[in-house]
Amino acid sequence: MIMFISQIDQLKLIDAALETFNLLLVSTLISLPIGTLLGMMFALYEKKVFHQFKSLVHILSILVSIIRSIPFVLLMVIIIPTSFDLFGTSIGFIPSIMALSLIGIATLARLVEQAIIDMNPMIIDIAHTMGASKYQLFKEFIFVEARSSIILAFTSFLVSLLAYSSVVYIIGGGGLGYTAIQIGYYSPVGKTLMWASTIIMILIVQVVQLLGNILANYLNKKKRGH
């Protein structure tokens, strides 16, 4: 495919791919720790492991549900005034990162929450029977039992974030979505660029999914002692 693209379009494609990786990197660095923490918090409260700050956790859970309920295009538009008030810019990299990070946090929180909730419920009972502290309960029991599912949650999160990143060009975020749609689809001579951008995104998804599955399977076998 790359050999049928002009040198100028190849440079556009490389720049777009780098923009996409940059968007994914920064938004993941923001979303991953916060989303994981929230997801674990929601799950542990659901399983009645922790009881403190119940009202705060309930409010955070509602906020996560609200963010996930807003179509991403509308979320980007809603963020524009906030981005301008805080950073003095309403288009480009910063509002794109804000939108991706918000939806990333909300998406990952629910994925991690579900991964922990779906684990064997006997694990917590066994930990309590053995007199484990809350720290030991999480580190030695819950984390070990749910870590392969959490890795798969991370994988799904990254794939979703990549999909969301394809539309941030609407607010000036650039990336492969921009080359595929604005430069590719809407240009009478840009169909090759559109397909090249699409293929690159497909390859990124396949690599992320493959690595996630390999790591999850490895941790699952290690948990079973194989």
# chains A, B, ... in the order shown; residues from 1 in each chain; ligands from 1

$ select_by_dssp --residues "region 99-187 of chain A" --states "helix (DSSP H, G or I)" --output "ChimeraX atom specification"
/A:99-117,122-129,134-165,168-171,176-185

$ residues_around --residues "region 5-17 of chain A" --least-positions-apart "3" --cutoff "8 Å" --atoms "only C-alpha atoms" --output "PyMOL selection string"
chain A and resi 1-2+20-21+174-176+178-179+192-193+197

$ residues_around --residues "region 139-150 of chain A" --least-positions-apart "5" --cutoff "6 Å" --atoms "only C-alpha atoms" --output "list in words"
Val112, Ala115, Ile116, Ala216, Leu219 and Asn220 of chain A

$ write_last_selection --atoms "N, CA and C atoms" --output "PDB file, in the first residue's frame"
ATOM      1  N   VAL A 112     -12.307  -2.329  34.691  1.00  0.00           N
ATOM      2  CA  VAL A 112     -11.594  -2.878  35.840  1.00  0.00           C
ATOM      3  C   VAL A 112     -12.579  -3.315  36.920  1.00  0.00           C
ATOM      4  N   ALA A 115     -13.965  -6.591  35.891  1.00  0.00           N
ATOM      5  CA  ALA A 115     -12.960  -7.656  35.970  1.00  0.00           C
ATOM      6  C   ALA A 115     -12.819  -8.172  37.400  1.00  0.00           C
ATOM      7  N   ILE A 116     -12.874  -7.283  38.386  1.00  0.00           N
ATOM      8  CA  ILE A 116     -12.743  -7.693  39.793  1.00  0.00           C
ATOM      9  C   ILE A 116     -14.034  -8.311  40.315  1.00  0.00           C
ATOM     10  N   ALA A 216      -2.121 -11.805  29.257  1.00  0.00           N
ATOM     11  CA  ALA A 216      -3.211 -12.314  30.096  1.00  0.00           C
ATOM     12  C   ALA A 216      -3.142 -13.839  30.227  1.00  0.00           C
ATOM     13  N   LEU A 219      -0.223 -14.758  32.599  1.00  0.00           N
ATOM     14  CA  LEU A 219      -0.562 -14.532  34.007  1.00  0.00           C
ATOM     15  C   LEU A 219      -1.588 -15.543  34.494  1.00  0.00           C
ATOM     16  N   ASN A 220      -2.489 -15.953  33.612  1.00  0.00           N
ATOM     17  CA  ASN A 220      -3.501 -16.937  33.983  1.00  0.00           C
ATOM     18  C   ASN A 220      -2.860 -18.295  34.257  1.00  0.00           C
TER      19      ASN A 220
END

$ atom_distance --atom1 "CA of Ala180 (chain A)" --atom2 "CA of Ala196 (chain A)"
7.8 Å

$ residues_around --residues "Lys47 (chain A)" --least-positions-apart "5" --cutoff "12 Å" --atoms "only C-alpha atoms" --output "MDAnalysis selection string"
chainID A and resid 40:42 113:114 116:125 142

$ atom_distance --atom1 "CA of Thr28 (chain A)" --atom2 "CA of Ala99 (chain A)"
11.8 Å

$ atom_distance --atom1 "CA of Met130 (chain A)" --atom2 "CA of Lys54 (chain A)"
26.5 Å

$ residues_around --residues "Ser156 (chain A)" --least-positions-apart "4" --cutoff "9 Å" --atoms "only C-alpha atoms" --output "number ranges by chain"
A: 108, 111, 151-152, 160-161, 208-209, 212

$ write_last_selection --atoms "N, CA, C and O atoms" --output "PDB file, in the first residue's frame"
ATOM      1  N   LEU A 108     -12.246   2.764  31.435  1.00  0.00           N
ATOM      2  CA  LEU A 108     -11.377   1.839  32.165  1.00  0.00           C
ATOM      3  C   LEU A 108     -11.918   1.537  33.554  1.00  0.00           C
ATOM      4  O   LEU A 108     -11.804   0.405  34.040  1.00  0.00           O
ATOM      5  N   LEU A 111     -14.425  -1.173  33.181  1.00  0.00           N
ATOM      6  CA  LEU A 111     -13.801  -2.437  32.760  1.00  0.00           C
ATOM      7  C   LEU A 111     -13.075  -3.107  33.923  1.00  0.00           C
ATOM      8  O   LEU A 111     -13.191  -4.328  34.129  1.00  0.00           O
ATOM      9  N   ILE A 151      -5.671  -7.214  32.797  1.00  0.00           N
ATOM     10  CA  ILE A 151      -4.864  -6.997  31.591  1.00  0.00           C
ATOM     11  C   ILE A 151      -5.760  -6.949  30.354  1.00  0.00           C
ATOM     12  O   ILE A 151      -5.586  -6.113  29.465  1.00  0.00           O
ATOM     13  N   LEU A 152      -6.747  -7.836  30.292  1.00  0.00           N
ATOM     14  CA  LEU A 152      -7.688  -7.813  29.173  1.00  0.00           C
ATOM     15  C   LEU A 152      -8.524  -6.533  29.195  1.00  0.00           C
ATOM     16  O   LEU A 152      -8.877  -6.001  28.141  1.00  0.00           O
ATOM     17  N   SER A 160     -10.374   0.868  22.620  1.00  0.00           N
ATOM     18  CA  SER A 160     -11.434   1.882  22.635  1.00  0.00           C
ATOM     19  C   SER A 160     -10.861   3.283  22.505  1.00  0.00           C
ATOM     20  O   SER A 160     -11.400   4.131  21.777  1.00  0.00           O
ATOM     21  N   LEU A 161      -9.750   3.536  23.205  1.00  0.00           N
ATOM     22  CA  LEU A 161      -9.119   4.852  23.148  1.00  0.00           C
ATOM     23  C   LEU A 161      -8.632   5.163  21.735  1.00  0.00           C
ATOM     24  O   LEU A 161      -8.729   6.311  21.269  1.00  0.00           O
ATOM     25  N   VAL A 208      -1.965  -4.561  19.703  1.00  0.00           N
ATOM     26  CA  VAL A 208      -2.375  -4.355  21.096  1.00  0.00           C
ATOM     27  C   VAL A 208      -3.155  -5.555  21.608  1.00  0.00           C
ATOM     28  O   VAL A 208      -2.918  -6.044  22.723  1.00  0.00           O
ATOM     29  N   GLN A 209      -4.098  -6.058  20.797  1.00  0.00           N
ATOM     30  CA  GLN A 209      -4.910  -7.201  21.207  1.00  0.00           C
ATOM     31  C   GLN A 209      -4.062  -8.454  21.390  1.00  0.00           C
ATOM     32  O   GLN A 209      -4.241  -9.210  22.359  1.00  0.00           O
ATOM     33  N   GLY A 212      -1.887  -8.088  24.552  1.00  0.00           N
ATOM     34  CA  GLY A 212      -2.748  -8.205  25.731  1.00  0.00           C
ATOM     35  C   GLY A 212      -3.161  -9.637  25.992  1.00  0.00           C
ATOM     36  O   GLY A 212      -3.132 -10.098  27.144  1.00  0.00           O
TER      37      GLY A 212
END

$ closest_residue --among "A:Ala132, A:Val159, A:Ala43, A:Gly172" --to "Ile204 (chain A)" --atoms "only C-alpha atoms"
A:Val159

$ residues_around --residues "Ser96 (chain A)" --least-positions-apart "4" --cutoff "12 Å" --atoms "only C-alpha atoms" --output "number ranges by chain"
A: 19-20, 22-24, 26-27, 72-73, 75-80, 82-83, 89-92, 100-104, 161, 164-175

$ decode --residues "region 83-195 of chain A" --atoms "C-alpha atoms" --output "PDB file, in the first residue's frame"
ATOM      1  CA  SER A  83     -10.350  23.981  27.773  1.00  0.00           C
ATOM      2  CA  PHE A  84     -10.453  27.624  26.730  1.00  0.00           C
ATOM      3  CA  ASP A  85     -11.061  28.845  30.292  1.00  0.00           C
ATOM      4  CA  LEU A  86      -8.258  26.721  31.762  1.00  0.00           C
ATOM      5  CA  PHE A  87      -5.626  26.735  29.016  1.00  0.00           C
ATOM      6  CA  GLY A  88      -6.636  29.523  26.635  1.00  0.00           C
ATOM      7  CA  THR A  89      -7.221  27.189  23.693  1.00  0.00           C
ATOM      8  CA  SER A  90     -10.379  25.595  22.343  1.00  0.00           C
ATOM      9  CA  ILE A  91      -8.888  23.451  19.565  1.00  0.00           C
ATOM     10  CA  GLY A  92      -5.858  21.246  19.125  1.00  0.00           C
ATOM     11  CA  PHE A  93      -3.917  18.882  21.343  1.00  0.00           C
ATOM     12  CA  ILE A  94      -5.064  20.012  24.816  1.00  0.00           C
ATOM     13  CA  PRO A  95      -8.866  19.726  24.388  1.00  0.00           C
ATOM     14  CA  SER A  96      -8.315  16.444  22.527  1.00  0.00           C
ATOM     15  CA  ILE A  97      -6.327  15.059  25.469  1.00  0.00           C
ATOM     16  CA  MET A  98      -8.956  16.299  27.917  1.00  0.00           C
ATOM     17  CA  ALA A  99     -11.727  14.524  25.999  1.00  0.00           C
ATOM     18  CA  LEU A 100      -9.743  11.306  25.512  1.00  0.00           C
ATOM     19  CA  SER A 101      -8.648  11.240  29.150  1.00  0.00           C
ATOM     20  CA  LEU A 102     -12.178  11.734  30.470  1.00  0.00           C
ATOM     21  CA  ILE A 103     -13.705   9.003  28.329  1.00  0.00           C
ATOM     22  CA  GLY A 104     -10.646   6.812  28.998  1.00  0.00           C
ATOM     23  CA  ILE A 105     -11.015   7.131  32.774  1.00  0.00           C
ATOM     24  CA  ALA A 106     -14.729   6.345  32.632  1.00  0.00           C
ATOM     25  CA  THR A 107     -14.279   3.392  30.266  1.00  0.00           C
ATOM     26  CA  LEU A 108     -11.377   1.839  32.165  1.00  0.00           C
ATOM     27  CA  ALA A 109     -13.057   2.309  35.549  1.00  0.00           C
ATOM     28  CA  ARG A 110     -16.008   0.178  34.457  1.00  0.00           C
ATOM     29  CA  LEU A 111     -13.801  -2.437  32.760  1.00  0.00           C
ATOM     30  CA  VAL A 112     -11.594  -2.878  35.840  1.00  0.00           C
ATOM     31  CA  GLU A 113     -14.627  -2.874  38.115  1.00  0.00           C
ATOM     32  CA  GLN A 114     -16.214  -5.677  36.098  1.00  0.00           C
ATOM     33  CA  ALA A 115     -12.960  -7.656  35.970  1.00  0.00           C
ATOM     34  CA  ILE A 116     -12.743  -7.693  39.793  1.00  0.00           C
ATOM     35  CA  ILE A 117     -16.450  -8.278  40.374  1.00  0.00           C
ATOM     36  CA  ASP A 118     -16.385 -11.320  38.057  1.00  0.00           C
ATOM     37  CA  MET A 119     -13.600 -13.078  39.970  1.00  0.00           C
ATOM     38  CA  ASN A 120     -14.286 -16.087  42.188  1.00  0.00           C
ATOM     39  CA  PRO A 121     -16.265 -14.757  45.208  1.00  0.00           C
ATOM     40  CA  MET A 122     -14.710 -17.416  47.440  1.00  0.00           C
ATOM     41  CA  ILE A 123     -11.343 -15.656  47.253  1.00  0.00           C
ATOM     42  CA  ILE A 124     -12.380 -12.944  49.697  1.00  0.00           C
ATOM     43  CA  ASP A 125     -13.878 -15.492  52.105  1.00  0.00           C
ATOM     44  CA  ILE A 126     -10.658 -17.533  52.008  1.00  0.00           C
ATOM     45  CA  ALA A 127      -8.579 -14.407  52.695  1.00  0.00           C
ATOM     46  CA  HIS A 128     -10.746 -13.483  55.685  1.00  0.00           C
ATOM     47  CA  THR A 129     -10.519 -17.049  57.000  1.00  0.00           C
ATOM     48  CA  MET A 130      -6.722 -16.848  56.828  1.00  0.00           C
ATOM     49  CA  GLY A 131      -6.749 -13.548  58.726  1.00  0.00           C
ATOM     50  CA  ALA A 132      -5.373 -11.455  55.856  1.00  0.00           C
ATOM     51  CA  SER A 133      -5.180  -7.694  56.318  1.00  0.00           C
ATOM     52  CA  LYS A 134      -6.839  -5.447  53.745  1.00  0.00           C
ATOM     53  CA  TYR A 135      -3.482  -4.858  52.074  1.00  0.00           C
ATOM     54  CA  GLN A 136      -2.772  -8.609  51.942  1.00  0.00           C
ATOM     55  CA  LEU A 137      -6.322  -9.244  50.744  1.00  0.00           C
ATOM     56  CA  PHE A 138      -5.772  -6.994  47.765  1.00  0.00           C
ATOM     57  CA  LYS A 139      -2.153  -7.882  46.962  1.00  0.00           C
ATOM     58  CA  GLU A 140      -2.099 -11.634  47.628  1.00  0.00           C
ATOM     59  CA  PHE A 141      -5.670 -12.600  46.742  1.00  0.00           C
ATOM     60  CA  ILE A 142      -7.707 -10.122  44.693  1.00  0.00           C
ATOM     61  CA  PHE A 143      -4.857  -8.895  42.476  1.00  0.00           C
ATOM     62  CA  VAL A 144      -3.509 -12.393  41.808  1.00  0.00           C
ATOM     63  CA  GLU A 145      -6.976 -13.725  41.005  1.00  0.00           C
ATOM     64  CA  ALA A 146      -8.068 -10.840  38.782  1.00  0.00           C
ATOM     65  CA  ARG A 147      -4.816  -9.695  37.148  1.00  0.00           C
ATOM     66  CA  SER A 148      -5.305 -11.574  33.846  1.00  0.00           C
ATOM     67  CA  SER A 149      -8.814 -10.105  33.549  1.00  0.00           C
ATOM     68  CA  ILE A 150      -7.447  -6.657  34.386  1.00  0.00           C
ATOM     69  CA  ILE A 151      -4.864  -6.997  31.591  1.00  0.00           C
ATOM     70  CA  LEU A 152      -7.688  -7.813  29.173  1.00  0.00           C
ATOM     71  CA  ALA A 153      -9.524  -4.767  30.525  1.00  0.00           C
ATOM     72  CA  PHE A 154      -6.442  -2.644  29.783  1.00  0.00           C
ATOM     73  CA  THR A 155      -6.362  -4.119  26.271  1.00  0.00           C
ATOM     74  CA  SER A 156     -10.005  -3.276  25.589  1.00  0.00           C
ATOM     75  CA  PHE A 157      -9.404   0.188  27.026  1.00  0.00           C
ATOM     76  CA  LEU A 158      -6.509   0.868  24.624  1.00  0.00           C
ATOM     77  CA  VAL A 159      -8.517  -0.355  21.636  1.00  0.00           C
ATOM     78  CA  SER A 160     -11.434   1.882  22.635  1.00  0.00           C
ATOM     79  CA  LEU A 161      -9.119   4.852  23.148  1.00  0.00           C
ATOM     80  CA  LEU A 162      -7.674   4.356  19.669  1.00  0.00           C
ATOM     81  CA  ALA A 163     -11.191   4.349  18.219  1.00  0.00           C
ATOM     82  CA  TYR A 164     -12.052   7.556  20.083  1.00  0.00           C
ATOM     83  CA  SER A 165      -8.800   9.172  18.917  1.00  0.00           C
ATOM     84  CA  SER A 166      -9.906   8.782  15.305  1.00  0.00           C
ATOM     85  CA  VAL A 167     -12.529  11.544  15.690  1.00  0.00           C
ATOM     86  CA  VAL A 168     -10.619  14.165  17.715  1.00  0.00           C
ATOM     87  CA  TYR A 169      -9.630  15.776  14.410  1.00  0.00           C
ATOM     88  CA  ILE A 170     -13.025  17.502  14.732  1.00  0.00           C
ATOM     89  CA  ILE A 171     -11.518  19.740  17.413  1.00  0.00           C
ATOM     90  CA  GLY A 172      -8.108  19.961  15.771  1.00  0.00           C
ATOM     91  CA  GLY A 173      -6.506  16.878  17.352  1.00  0.00           C
ATOM     92  CA  GLY A 174      -5.187  15.512  14.070  1.00  0.00           C
ATOM     93  CA  GLY A 175      -4.102  11.882  13.886  1.00  0.00           C
ATOM     94  CA  LEU A 176      -4.935   9.032  11.540  1.00  0.00           C
ATOM     95  CA  GLY A 177      -8.627   9.878  11.674  1.00  0.00           C
ATOM     96  CA  TYR A 178      -7.842  13.219  10.054  1.00  0.00           C
ATOM     97  CA  THR A 179      -5.843  11.687   7.204  1.00  0.00           C
ATOM     98  CA  ALA A 180      -8.440   8.950   6.687  1.00  0.00           C
ATOM     99  CA  ILE A 181     -11.488  11.239   6.594  1.00  0.00           C
ATOM    100  CA  GLN A 182     -10.574  14.872   5.961  1.00  0.00           C
ATOM    101  CA  ILE A 183      -7.605  14.296   3.648  1.00  0.00           C
ATOM    102  CA  GLY A 184      -8.516  10.820   2.423  1.00  0.00           C
ATOM    103  CA  TYR A 185     -12.280  10.426   2.078  1.00  0.00           C
ATOM    104  CA  TYR A 186     -13.158  14.024   1.202  1.00  0.00           C
ATOM    105  CA  SER A 187     -10.367  14.376  -1.343  1.00  0.00           C
ATOM    106  CA  PRO A 188     -11.067  13.162  -4.890  1.00  0.00           C
ATOM    107  CA  VAL A 189      -7.560  11.674  -5.053  1.00  0.00           C
ATOM    108  CA  GLY A 190      -7.213  10.627  -1.416  1.00  0.00           C
ATOM    109  CA  LYS A 191      -8.773   7.164  -1.327  1.00  0.00           C
ATOM    110  CA  THR A 192      -5.380   5.447  -1.106  1.00  0.00           C
ATOM    111  CA  LEU A 193      -4.466   7.605   1.883  1.00  0.00           C
ATOM    112  CA  MET A 194      -7.789   6.751   3.503  1.00  0.00           C
ATOM    113  CA  TRP A 195      -7.169   3.025   3.146  1.00  0.00           C
TER     114      TRP A 195
END
